[in-house]
$ cat target_5.txt   # compact mmCIF, C-alpha atoms
# COMPACT_ATOMS: atom_id res chain seq x y z
CA MET Z 219 4.95 -42.49 28.18
CA ARG Z 220 2.48 -43.14 25.41
CA VAL Z 221 -1.29 -42.47 25.40
CA ARG Z 222 -3.43 -44.75 23.24
CA ALA Z 223 -7.02 -45.85 22.85
CA ALA Z 224 -8.05 -48.49 25.36
CA THR Z 225 -9.21 -51.94 24.31
CA PRO Z 226 -11.00 -54.67 26.26
CA ALA Z 227 -7.57 -56.32 26.63
CA ASP Z 228 -6.63 -53.50 29.02
CA ALA Z 229 -9.31 -54.54 31.53
CA GLY Z 230 -6.92 -56.34 33.88
CA ALA Z 231 -4.55 -53.40 34.22
CA VAL Z 232 -7.41 -50.90 34.48
CA ALA Z 233 -9.11 -53.05 37.14
CA ALA Z 234 -5.89 -53.19 39.18
CA ILE Z 235 -5.38 -49.40 39.06
CA TYR Z 236 -9.01 -48.64 39.79
CA GLY Z 237 -9.20 -51.29 42.51
CA HIS Z 238 -6.37 -49.57 44.37
CA HIS Z 239 -8.27 -46.27 44.31
CA VAL Z 240 -11.53 -47.95 45.36
CA LEU Z 241 -9.86 -49.49 48.40
CA ASN Z 242 -7.53 -46.65 49.37
CA GLY Z 243 -8.87 -43.38 48.03
CA LEU Z 244 -11.82 -41.04 47.97
CA GLY Z 245 -11.77 -40.19 44.26
CA THR Z 246 -14.42 -42.82 43.66
CA PHE Z 247 -17.33 -43.63 45.91
CA GLU Z 248 -17.30 -47.31 44.99
CA GLU Z 249 -16.29 -49.42 47.98
CA VAL Z 250 -15.79 -52.84 46.38
CA PRO Z 251 -13.35 -53.12 43.47
CA PRO Z 252 -15.10 -54.28 40.31
CA SER Z 253 -13.85 -57.47 38.70
CA GLU Z 254 -11.81 -57.53 35.52
CA THR Z 255 -14.94 -58.81 33.76
CA GLU Z 256 -16.97 -55.85 35.05
CA ILE Z 257 -14.28 -53.40 33.96
CA SER Z 258 -14.14 -55.03 30.53
CA GLY Z 259 -17.88 -54.43 30.22
CA ARG Z 260 -17.50 -50.81 31.32
CA ILE Z 261 -14.78 -50.19 28.75
CA ALA Z 262 -16.92 -51.78 26.04
CA GLU Z 263 -19.93 -49.66 27.04
CA VAL Z 264 -17.95 -46.41 26.70
CA LEU Z 265 -16.48 -47.48 23.36
CA GLU Z 266 -19.90 -48.60 22.04
CA LYS Z 267 -21.14 -45.04 22.66
CA ARG Z 268 -18.18 -43.84 20.54
CA LEU Z 269 -16.80 -41.94 23.52
CA PRO Z 270 -13.09 -41.73 24.35
CA TYR Z 271 -11.35 -44.22 26.63
CA PHE Z 272 -7.56 -43.94 26.82
CA VAL Z 273 -4.74 -45.65 28.67
CA ALA Z 274 -1.21 -44.42 29.27
CA GLU Z 275 1.68 -46.84 29.00
CA ASP Z 276 5.21 -46.54 30.33
CA ASP Z 277 8.24 -47.22 28.17
CA ALA Z 278 7.93 -50.96 28.87
CA GLY Z 279 4.30 -51.03 27.68
CA ALA Z 280 2.71 -51.35 31.14
CA VAL Z 281 -0.54 -49.47 31.68
CA ILE Z 282 0.06 -46.72 34.24
CA GLY Z 283 -3.24 -44.85 34.04
CA PHE Z 284 -6.54 -44.48 32.27
CA ALA Z 285 -9.13 -41.81 31.54
CA TYR Z 286 -12.45 -41.74 29.73
CA ALA Z 287 -15.62 -39.76 29.15
CA ALA Z 288 -19.09 -41.10 29.83
CA PRO Z 289 -22.51 -39.51 29.49
CA PHE Z 290 -23.06 -37.11 32.40
CA ARG Z 291 -26.63 -38.35 32.86
CA GLU Z 292 -28.91 -40.47 30.70
CA ARG Z 293 -31.69 -37.90 30.17
CA ALA Z 294 -31.89 -36.45 26.64
CA ALA Z 295 -31.24 -32.84 27.68
CA TYR Z 296 -27.76 -33.84 28.91
CA ARG Z 297 -26.75 -35.22 25.49
CA TYR Z 298 -24.07 -32.57 24.89
CA THR Z 299 -22.42 -33.02 28.30
CA ALA Z 300 -20.00 -35.77 29.30
CA GLU Z 301 -18.20 -36.55 32.55
CA ASP Z 302 -14.53 -37.39 32.64
CA SER Z 303 -12.82 -39.88 34.95
CA VAL Z 304 -9.09 -40.40 35.43
CA TYR Z 305 -7.08 -42.79 37.62
CA ILE Z 306 -3.31 -43.25 37.79
CA ARG Z 307 -1.22 -46.10 39.12
CA PRO Z 308 -0.02 -44.93 42.56
CA ASP Z 309 3.70 -45.07 41.70
CA HIS Z 310 3.12 -42.74 38.71
CA MET Z 311 0.95 -40.07 40.33
CA GLY Z 312 2.19 -36.49 40.11
CA ARG Z 313 4.21 -37.13 36.94
CA GLY Z 314 1.88 -35.64 34.31
CA VAL Z 315 0.20 -38.91 33.35
CA GLY Z 316 -3.26 -37.70 34.37
CA LYS Z 317 -2.86 -34.40 32.55
CA ALA Z 318 -1.81 -36.15 29.34
CA LEU Z 319 -4.77 -38.53 29.57
CA VAL Z 320 -7.42 -35.90 30.36
CA ALA Z 321 -6.05 -33.63 27.61
CA GLU Z 322 -6.70 -36.46 25.13
CA VAL Z 323 -10.22 -36.95 26.51
CA VAL Z 324 -10.87 -33.20 26.09
CA ARG Z 325 -9.65 -33.26 22.48
CA ALA Z 326 -11.79 -36.28 21.66
CA CYS Z 327 -14.91 -34.76 23.26
CA GLU Z 328 -14.40 -31.54 21.31
CA ALA Z 329 -14.10 -33.54 18.10
CA LEU Z 330 -17.43 -35.21 18.91
CA GLY Z 331 -19.13 -31.81 19.11
CA LEU Z 332 -19.86 -32.00 22.83
CA ARG Z 333 -20.42 -28.69 24.60
CA GLN Z 334 -19.34 -29.38 28.15
CA LEU Z 335 -17.10 -31.75 30.04
CA VAL Z 336 -17.77 -32.13 33.75
CA ALA Z 337 -15.47 -33.48 36.44
CA VAL Z 338 -17.12 -34.84 39.58
CA ILE Z 339 -14.17 -35.13 41.97
CA GLY Z 340 -14.41 -37.13 45.16
CA ASP Z 341 -13.12 -35.26 48.24
CA SER Z 342 -12.76 -31.49 48.39
CA ALA Z 343 -9.21 -32.09 49.68
CA ASN Z 344 -8.27 -33.96 46.46
CA ALA Z 345 -5.72 -31.31 45.45
CA GLY Z 346 -4.19 -33.53 42.75
CA SER Z 347 -7.36 -34.00 40.73
CA ILE Z 348 -8.62 -30.47 41.32
CA GLY Z 349 -5.25 -29.05 40.24
CA LEU Z 350 -5.05 -31.33 37.20
CA HIS Z 351 -8.48 -30.21 35.99
CA ARG Z 352 -7.74 -26.54 36.73
CA SER Z 353 -4.51 -26.79 34.71
CA LEU Z 354 -6.57 -27.87 31.68
CA GLY Z 355 -9.01 -24.97 31.97
CA PHE Z 356 -11.77 -26.53 34.07
CA GLU Z 357 -13.50 -24.04 36.33
CA PRO Z 358 -15.22 -24.62 39.69
CA ALA Z 359 -18.93 -25.34 39.41
CA GLY Z 360 -19.83 -26.20 43.00
CA VAL Z 361 -19.28 -28.42 46.01
CA GLY Z 362 -21.65 -31.03 47.37
CA ARG Z 363 -20.94 -31.22 51.08
CA ALA Z 364 -20.90 -34.70 52.63
CA PHE Z 365 -22.45 -36.45 49.61
CA GLY Z 366 -20.75 -39.75 50.40
CA TYR Z 367 -19.56 -41.71 53.40
CA LYS Z 368 -16.38 -43.72 52.89
CA HIS Z 369 -13.44 -44.82 55.03
CA GLY Z 370 -15.27 -43.74 58.17
CA ARG Z 371 -15.95 -40.15 57.21
CA TRP Z 372 -18.24 -37.91 55.19
CA VAL Z 373 -16.80 -36.96 51.82
CA ASP Z 374 -17.57 -33.96 49.61
CA ILE Z 375 -17.74 -33.93 45.85
CA VAL Z 376 -16.32 -31.07 43.81
CA TRP Z 377 -17.85 -30.23 40.44
CA MET Z 378 -15.70 -28.61 37.79
CA ARG Z 379 -16.67 -27.82 34.21
CA LEU Z 380 -14.95 -27.14 30.91
CA PRO Z 381 -16.98 -25.55 28.12
CA LEU Z 382 -16.24 -27.12 24.72
CA ASN Z 383 -16.98 -25.84 21.23
CA GLY Z 384 -18.35 -22.54 22.47
CA GLY Z 385 -20.18 -24.10 25.43
CA GLU Z 386 -23.47 -22.43 26.17
CA THR Z 387 -22.88 -19.45 23.86
CA SER Z 388 -24.84 -20.98 20.98
CA SER Z 389 -27.30 -23.73 20.16
CA PRO Z 390 -25.68 -27.15 19.79
CA GLU Z 391 -28.13 -28.38 17.15
CA GLY Z 392 -26.26 -29.86 14.22
CA ALA Z 393 -22.97 -29.65 16.12
CA GLY Z 394 -21.46 -33.12 15.90
CA MET Z 395 -22.58 -36.34 17.52
CA PRO Z 396 -24.73 -35.80 20.60
CA LEU Z 397 -24.92 -38.51 23.23
CA GLY Z 398 -28.13 -40.53 23.40
CA GLY Z 399 -30.68 -40.11 26.15
CA HIS Z 400 -34.24 -40.73 27.29

$ encode --input "target_5.txt" --output "structure tokens"
Amino acid sequence: MRVRAATPADAGAVAAIYGHHVLNGLGTFEEVPPSETEISGRIAEVLEKRLPYFVAEDDAGAVIGFAYAAPFRERAAYRYTAEDSVYIRPDHMGRGVGKALVAEVVRACEALGLRQLVAVIGDSANAGSIGLHRSLGFEPAGVGRAFGYKHGRWVDIVWMRLPLNGGETSSPEGAGMPLGGH
């Protein structure tokens, strides 16, 4: 397996992986898979903000997963906090692909001077994603009970957080590239 920076050319593979999770899982609250064109735009938007977007490839060069960081919220006060997302091709889940991808996202966010990375995990029973984030040092930050309704049932969200670059222990001013905001 190899982890590399994503490019717009990865949109088809990313759309296929994400589309599977949209239709079959609770990790995302989207209910209609976005088109390849929409995914291409989403990749470009993350990269334009100079945030990390990575894909993992198998030995044959096929994309088997992706992960990225996006601004947590658009308001200015959130400019040192990003939210990670990670999705793995179903036949490669549980093989360390997600951990390798999120570890790269963490490293890139630290290099940007961000102070916190947040995971917003769909479904409190999502042991795979919760365990992956815990294994990288994320700590529980709360549960939103029944925040979404998908596949005929109410679904929780689980917040986890990872302090970066000292987190809240000091002022972030002058500490790398903050994210924009209003």

$ closest_atom_pairs --input "target_5.txt" --of "range 273-359 of chain Z" --to "range 368-382 of chain Z" --cutoff "7 Å" --atoms "only C-alpha atoms" --output "JSON lines"
{"residue": "Z:Glu328", "atom": "CA", "partner": "Z:Leu382", "partner_atom": "CA", "distance": 5.9}
{"residue": "Z:Leu332", "atom": "CA", "partner": "Z:Leu382", "partner_atom": "CA", "distance": 6.4}
{"residue": "Z:Arg333", "atom": "CA", "partner": "Z:Leu382", "partner_atom": "CA", "distance": 4.5}
{"residue": "Z:Gln334", "atom": "CA", "partner": "Z:Pro381", "partner_atom": "CA", "distance": 4.5}
{"residue": "Z:Leu335", "atom": "CA", "partner": "Z:Leu380", "partner_atom": "CA", "distance": 5.2}
{"residue": "Z:Val336", "atom": "CA", "partner": "Z:Arg379", "partner_atom": "CA", "distance": 4.5}
{"residue": "Z:Ala337", "atom": "CA", "partner": "Z:Met378", "partner_atom": "CA", "distance": 5.1}
{"residue": "Z:Val338", "atom": "CA", "partner": "Z:Trp377", "partner_atom": "CA", "distance": 4.7}
{"residue": "Z:Ile339", "atom": "CA", "partner": "Z:Val376", "partner_atom": "CA", "distance": 4.9}
{"residue": "Z:Gly340", "atom": "CA", "partner": "Z:Ile375", "partner_atom": "CA", "distance": 4.7}
{"residue": "Z:Asp341", "atom": "CA", "partner": "Z:Asp374", "partner_atom": "CA", "distance": 4.8}
{"residue": "Z:Ser342", "atom": "CA", "partner": "Z:Asp374", "partner_atom": "CA", "distance": 5.5}
{"residue": "Z:Gly355", "atom": "CA", "partner": "Z:Leu380", "partner_atom": "CA", "distance": 6.4}
{"residue": "Z:Phe356", "atom": "CA", "partner": "Z:Leu380", "partner_atom": "CA", "distance": 4.5}
{"residue": "Z:Glu357", "atom": "CA", "partner": "Z:Met378", "partner_atom": "CA", "distance": 5.3}
{"residue": "Z:Pro358", "atom": "CA", "partner": "Z:Met378", "partner_atom": "CA", "distance": 4.4}
{"residue": "Z:Ala359", "atom": "CA", "partner": "Z:Met378", "partner_atom": "CA", "distance": 4.9}

$ closest_residue --input "target_5.txt" --among "Z:Ala231, Z:Val361, Z:Leu244, Z:Val221" --to "Asn344 in chain Z" --atoms "only C-alpha atoms"
Z:Leu244

$ closest_residue --input "target_5.txt" --among "Z:Val281, Z:Val324, Z:Leu354, Z:Ala233" --to "Met219 in chain Z" --atoms "only C-alpha atoms"
Z:Val281

$ atom_distance --input "target_5.txt" --atom1 "CA of Glu391 in chain Z" --atom2 "CA of Thr299 in chain Z"
13.4 Å

$ atom_distance --input "target_5.txt" --atom1 "CA of His310 in chain Z" --atom2 "CA of Gly230 in chain Z"
17.6 Å

$ closest_residue --input "target_5.txt" --among "Z:Ala295, Z:Ala364, Z:Val304, Z:Leu350" --to "His239 in chain Z" --atoms "all atoms listed in the file"
Z:Val304

$ closest_residue --input "target_5.txt" --among "Z:Pro308, Z:Gly279, Z:Gly346, Z:Pro226" --to "Ala262 in chain Z" --atoms "all atoms listed in the file"
Z:Pro226

$ atom_distance --input "target_5.txt" --atom1 "CA of Arg268 in chain Z" --atom2 "CA of Ser389 in chain Z"
22.1 Å

$ axis_aligned_box --input "target_5.txt" --around "range 341-349 of chain Z" --padding-each-side "3 Å" --output "lines of an AutoDock Vina configuration file"
center_x = -8.7
center_y = -32.2
center_z = 45.0
size_x = 14.9
size_y = 12.2
size_z = 15.4

$ closest_residue --input "target_5.txt" --among "Z:Leu269, Z:Ile282, Z:Val240, Z:Pro252" --to "Asp228 in chain Z" --atoms "all atoms listed in the file"
Z:Ile282

$ residues_near_point --input "target_5.txt" --point "(-2.7, -42.3, 23.4)" --cutoff "7 Å" --atoms "all atoms listed in the file" --output "list in words"
Arg220, Val221, Arg222, Ala223, Phe272, Val273 and Ala274 of chain Z

$ closest_residue --input "target_5.txt" --among "Z:Met311, Z:Ile306, Z:Ala288, Z:Ala234" --to "Val323 in chain Z" --atoms "all atoms listed in the file"
Z:Ala288

$ residues_near_point --input "target_5.txt" --point "(2.1, -36.9, 29.3)" --cutoff "10 Å" --atoms "only C-alpha atoms" --output "PyMOL selection string"
chain Z and resi 219-221+274-275+313-322

$ decode --input "target_5.txt" --residues "range 230-275 of chain Z" --atoms "N, CA and C atoms" --output "PDB file, in the first residue's frame"
ATOM      1  N   GLY Z 230     -13.015   9.751  -9.694  1.00  0.00           N
ATOM      2  CA  GLY Z 230     -13.833   8.579 -10.013  1.00  0.00           C
ATOM      3  C   GLY Z 230     -13.723   7.496  -8.952  1.00  0.00           C
ATOM      4  N   ALA Z 231     -12.495   7.184  -8.553  1.00  0.00           N
ATOM      5  CA  ALA Z 231     -12.285   6.155  -7.531  1.00  0.00           C
ATOM      6  C   ALA Z 231     -12.825   6.606  -6.183  1.00  0.00           C
ATOM      7  N   VAL Z 232     -12.601   7.876  -5.834  1.00  0.00           N
ATOM      8  CA  VAL Z 232     -13.104   8.403  -4.566  1.00  0.00           C
ATOM      9  C   VAL Z 232     -14.629   8.374  -4.567  1.00  0.00           C
ATOM     10  N   ALA Z 233     -15.242   8.772  -5.682  1.00  0.00           N
ATOM     11  CA  ALA Z 233     -16.709   8.768  -5.777  1.00  0.00           C
ATOM     12  C   ALA Z 233     -17.263   7.355  -5.611  1.00  0.00           C
ATOM     13  N   ALA Z 234     -16.595   6.366  -6.176  1.00  0.00           N
ATOM     14  CA  ALA Z 234     -17.068   4.980  -6.053  1.00  0.00           C
ATOM     15  C   ALA Z 234     -16.990   4.504  -4.602  1.00  0.00           C
ATOM     16  N   ILE Z 235     -15.878   4.777  -3.927  1.00  0.00           N
ATOM     17  CA  ILE Z 235     -15.725   4.367  -2.530  1.00  0.00           C
ATOM     18  C   ILE Z 235     -16.752   5.085  -1.661  1.00  0.00           C
ATOM     19  N   TYR Z 236     -16.831   6.391  -1.814  1.00  0.00           N
ATOM     20  CA  TYR Z 236     -17.749   7.174  -0.999  1.00  0.00           C
ATOM     21  C   TYR Z 236     -19.200   6.792  -1.292  1.00  0.00           C
ATOM     22  N   GLY Z 237     -19.516   6.593  -2.561  1.00  0.00           N
ATOM     23  CA  GLY Z 237     -20.872   6.207  -2.946  1.00  0.00           C
ATOM     24  C   GLY Z 237     -21.327   4.938  -2.255  1.00  0.00           C
ATOM     25  N   HIS Z 238     -20.422   3.972  -2.124  1.00  0.00           N
ATOM     26  CA  HIS Z 238     -20.755   2.742  -1.404  1.00  0.00           C
ATOM     27  C   HIS Z 238     -21.161   3.061   0.038  1.00  0.00           C
ATOM     28  N   HIS Z 239     -20.371   3.911   0.701  1.00  0.00           N
ATOM     29  CA  HIS Z 239     -20.658   4.244   2.101  1.00  0.00           C
ATOM     30  C   HIS Z 239     -21.923   5.085   2.235  1.00  0.00           C
ATOM     31  N   VAL Z 240     -22.193   5.934   1.265  1.00  0.00           N
ATOM     32  CA  VAL Z 240     -23.437   6.716   1.284  1.00  0.00           C
ATOM     33  C   VAL Z 240     -24.637   5.777   1.236  1.00  0.00           C
ATOM     34  N   LEU Z 241     -24.592   4.809   0.341  1.00  0.00           N
ATOM     35  CA  LEU Z 241     -25.729   3.908   0.147  1.00  0.00           C
ATOM     36  C   LEU Z 241     -25.859   2.819   1.203  1.00  0.00           C
ATOM     37  N   ASN Z 242     -24.745   2.409   1.792  1.00  0.00           N
ATOM     38  CA  ASN Z 242     -24.766   1.235   2.661  1.00  0.00           C
ATOM     39  C   ASN Z 242     -24.371   1.466   4.103  1.00  0.00           C
ATOM     40  N   GLY Z 243     -23.854   2.627   4.419  1.00  0.00           N
ATOM     41  CA  GLY Z 243     -23.330   2.843   5.762  1.00  0.00           C
ATOM     42  C   GLY Z 243     -23.964   4.015   6.478  1.00  0.00           C
ATOM     43  N   LEU Z 244     -23.481   4.227   7.687  1.00  0.00           N
ATOM     44  CA  LEU Z 244     -23.954   5.326   8.529  1.00  0.00           C
ATOM     45  C   LEU Z 244     -22.834   6.297   8.875  1.00  0.00           C
ATOM     46  N   GLY Z 245     -21.663   6.099   8.301  1.00  0.00           N
ATOM     47  CA  GLY Z 245     -20.527   6.982   8.557  1.00  0.00           C
ATOM     48  C   GLY Z 245     -20.706   8.362   7.955  1.00  0.00           C
ATOM     49  N   THR Z 246     -21.531   8.473   6.950  1.00  0.00           N
ATOM     50  CA  THR Z 246     -21.888   9.758   6.367  1.00  0.00           C
ATOM     51  C   THR Z 246     -23.400   9.885   6.412  1.00  0.00           C
ATOM     52  N   PHE Z 247     -23.873  11.093   6.562  1.00  0.00           N
ATOM     53  CA  PHE Z 247     -25.313  11.311   6.579  1.00  0.00           C
ATOM     54  C   PHE Z 247     -25.841  11.730   5.218  1.00  0.00           C
ATOM     55  N   GLU Z 248     -24.986  11.738   4.202  1.00  0.00           N
ATOM     56  CA  GLU Z 248     -25.499  11.937   2.847  1.00  0.00           C
ATOM     57  C   GLU Z 248     -26.299  10.702   2.471  1.00  0.00           C
ATOM     58  N   GLU Z 249     -27.334  10.882   1.659  1.00  0.00           N
ATOM     59  CA  GLU Z 249     -28.176   9.756   1.265  1.00  0.00           C
ATOM     60  C   GLU Z 249     -28.149   9.485  -0.231  1.00  0.00           C
ATOM     61  N   VAL Z 250     -27.637  10.433  -1.007  1.00  0.00           N
ATOM     62  CA  VAL Z 250     -27.506  10.276  -2.454  1.00  0.00           C
ATOM     63  C   VAL Z 250     -26.028  10.427  -2.807  1.00  0.00           C
ATOM     64  N   PRO Z 251     -25.441   9.418  -3.430  1.00  0.00           N
ATOM     65  CA  PRO Z 251     -24.016   9.514  -3.760  1.00  0.00           C
ATOM     66  C   PRO Z 251     -23.735  10.691  -4.689  1.00  0.00           C
ATOM     67  N   PRO Z 252     -22.754  11.511  -4.344  1.00  0.00           N
ATOM     68  CA  PRO Z 252     -22.392  12.618  -5.235  1.00  0.00           C
ATOM     69  C   PRO Z 252     -21.752  12.088  -6.513  1.00  0.00           C
ATOM     70  N   SER Z 253     -21.907  12.842  -7.570  1.00  0.00           N
ATOM     71  CA  SER Z 253     -21.320  12.461  -8.859  1.00  0.00           C
ATOM     72  C   SER Z 253     -19.802  12.610  -8.826  1.00  0.00           C
ATOM     73  N   GLU Z 254     -19.158  12.030  -9.798  1.00  0.00           N
ATOM     74  CA  GLU Z 254     -17.714  12.179  -9.945  1.00  0.00           C
ATOM     75  C   GLU Z 254     -17.352  13.656 -10.092  1.00  0.00           C
ATOM     76  N   THR Z 255     -18.173  14.405 -10.816  1.00  0.00           N
ATOM     77  CA  THR Z 255     -17.929  15.835 -10.993  1.00  0.00           C
ATOM     78  C   THR Z 255     -18.009  16.566  -9.655  1.00  0.00           C
ATOM     79  N   GLU Z 256     -19.009  16.229  -8.839  1.00  0.00           N
ATOM     80  CA  GLU Z 256     -19.140  16.839  -7.514  1.00  0.00           C
ATOM     81  C   GLU Z 256     -17.939  16.500  -6.643  1.00  0.00           C
ATOM     82  N   ILE Z 257     -17.519  15.255  -6.652  1.00  0.00           N
ATOM     83  CA  ILE Z 257     -16.357  14.834  -5.863  1.00  0.00           C
ATOM     84  C   ILE Z 257     -15.101  15.551  -6.343  1.00  0.00           C
ATOM     85  N   SER Z 258     -14.943  15.694  -7.633  1.00  0.00           N
ATOM     86  CA  SER Z 258     -13.797  16.430  -8.172  1.00  0.00           C
ATOM     87  C   SER Z 258     -13.764  17.851  -7.620  1.00  0.00           C
ATOM     88  N   GLY Z 259     -14.926  18.491  -7.568  1.00  0.00           N
ATOM     89  CA  GLY Z 259     -15.015  19.833  -7.001  1.00  0.00           C
ATOM     90  C   GLY Z 259     -14.681  19.853  -5.516  1.00  0.00           C
ATOM     91  N   ARG Z 260     -15.115  18.837  -4.792  1.00  0.00           N
ATOM     92  CA  ARG Z 260     -14.828  18.766  -3.357  1.00  0.00           C
ATOM     93  C   ARG Z 260     -13.332  18.582  -3.109  1.00  0.00           C
ATOM     94  N   ILE Z 261     -12.698  17.728  -3.907  1.00  0.00           N
ATOM     95  CA  ILE Z 261     -11.248  17.545  -3.780  1.00  0.00           C
ATOM     96  C   ILE Z 261     -10.544  18.868  -4.052  1.00  0.00           C
ATOM     97  N   ALA Z 262     -10.925  19.529  -5.134  1.00  0.00           N
ATOM     98  CA  ALA Z 262     -10.301  20.802  -5.500  1.00  0.00           C
ATOM     99  C   ALA Z 262     -10.476  21.843  -4.394  1.00  0.00           C
ATOM    100  N   GLU Z 263     -11.652  21.876  -3.779  1.00  0.00           N
ATOM    101  CA  GLU Z 263     -11.917  22.854  -2.713  1.00  0.00           C
ATOM    102  C   GLU Z 263     -10.994  22.635  -1.515  1.00  0.00           C
ATOM    103  N   VAL Z 264     -10.795  21.386  -1.122  1.00  0.00           N
ATOM    104  CA  VAL Z 264      -9.884  21.083  -0.016  1.00  0.00           C
ATOM    105  C   VAL Z 264      -8.458  21.482  -0.385  1.00  0.00           C
ATOM    106  N   LEU Z 265      -8.032  21.117  -1.582  1.00  0.00           N
ATOM    107  CA  LEU Z 265      -6.666  21.425  -2.003  1.00  0.00           C
ATOM    108  C   LEU Z 265      -6.438  22.927  -2.164  1.00  0.00           C
ATOM    109  N   GLU Z 266      -7.459  23.663  -2.623  1.00  0.00           N
ATOM    110  CA  GLU Z 266      -7.339  25.120  -2.748  1.00  0.00           C
ATOM    111  C   GLU Z 266      -7.127  25.784  -1.398  1.00  0.00           C
ATOM    112  N   LYS Z 267      -7.641  25.173  -0.334  1.00  0.00           N
ATOM    113  CA  LYS Z 267      -7.461  25.709   1.019  1.00  0.00           C
ATOM    114  C   LYS Z 267      -6.114  25.269   1.602  1.00  0.00           C
ATOM    115  N   ARG Z 268      -5.327  24.555   0.805  1.00  0.00           N
ATOM    116  CA  ARG Z 268      -4.018  24.038   1.201  1.00  0.00           C
ATOM    117  C   ARG Z 268      -4.120  23.053   2.362  1.00  0.00           C
ATOM    118  N   LEU Z 269      -5.244  22.338   2.410  1.00  0.00           N
ATOM    119  CA  LEU Z 269      -5.451  21.297   3.410  1.00  0.00           C
ATOM    120  C   LEU Z 269      -5.127  19.931   2.807  1.00  0.00           C
ATOM    121  N   PRO Z 270      -4.863  18.948   3.646  1.00  0.00           N
ATOM    122  CA  PRO Z 270      -4.468  17.636   3.133  1.00  0.00           C
ATOM    123  C   PRO Z 270      -5.635  16.807   2.603  1.00  0.00           C
ATOM    124  N   TYR Z 271      -5.386  16.148   1.486  1.00  0.00           N
ATOM    125  CA  TYR Z 271      -6.325  15.171   0.908  1.00  0.00           C
ATOM    126  C   TYR Z 271      -5.453  14.054   0.363  1.00  0.00           C
ATOM    127  N   PHE Z 272      -5.583  12.863   0.918  1.00  0.00           N
ATOM    128  CA  PHE Z 272      -4.739  11.732   0.543  1.00  0.00           C
ATOM    129  C   PHE Z 272      -5.577  10.563   0.042  1.00  0.00           C
ATOM    130  N   VAL Z 273      -4.965   9.763  -0.813  1.00  0.00           N
ATOM    131  CA  VAL Z 273      -5.537   8.485  -1.214  1.00  0.00           C
ATOM    132  C   VAL Z 273      -4.514   7.399  -0.902  1.00  0.00           C
ATOM    133  N   ALA Z 274      -5.019   6.185  -0.680  1.00  0.00           N
ATOM    134  CA  ALA Z 274      -4.165   5.016  -0.529  1.00  0.00           C
ATOM    135  C   ALA Z 274      -4.367   4.152  -1.761  1.00  0.00           C
ATOM    136  N   GLU Z 275      -3.267   3.634  -2.260  1.00  0.00           N
ATOM    137  CA  GLU Z 275      -3.305   2.747  -3.427  1.00  0.00           C
ATOM    138  C   GLU Z 275      -2.791   1.366  -3.032  1.00  0.00           C
TER     139      GLU Z 275
END
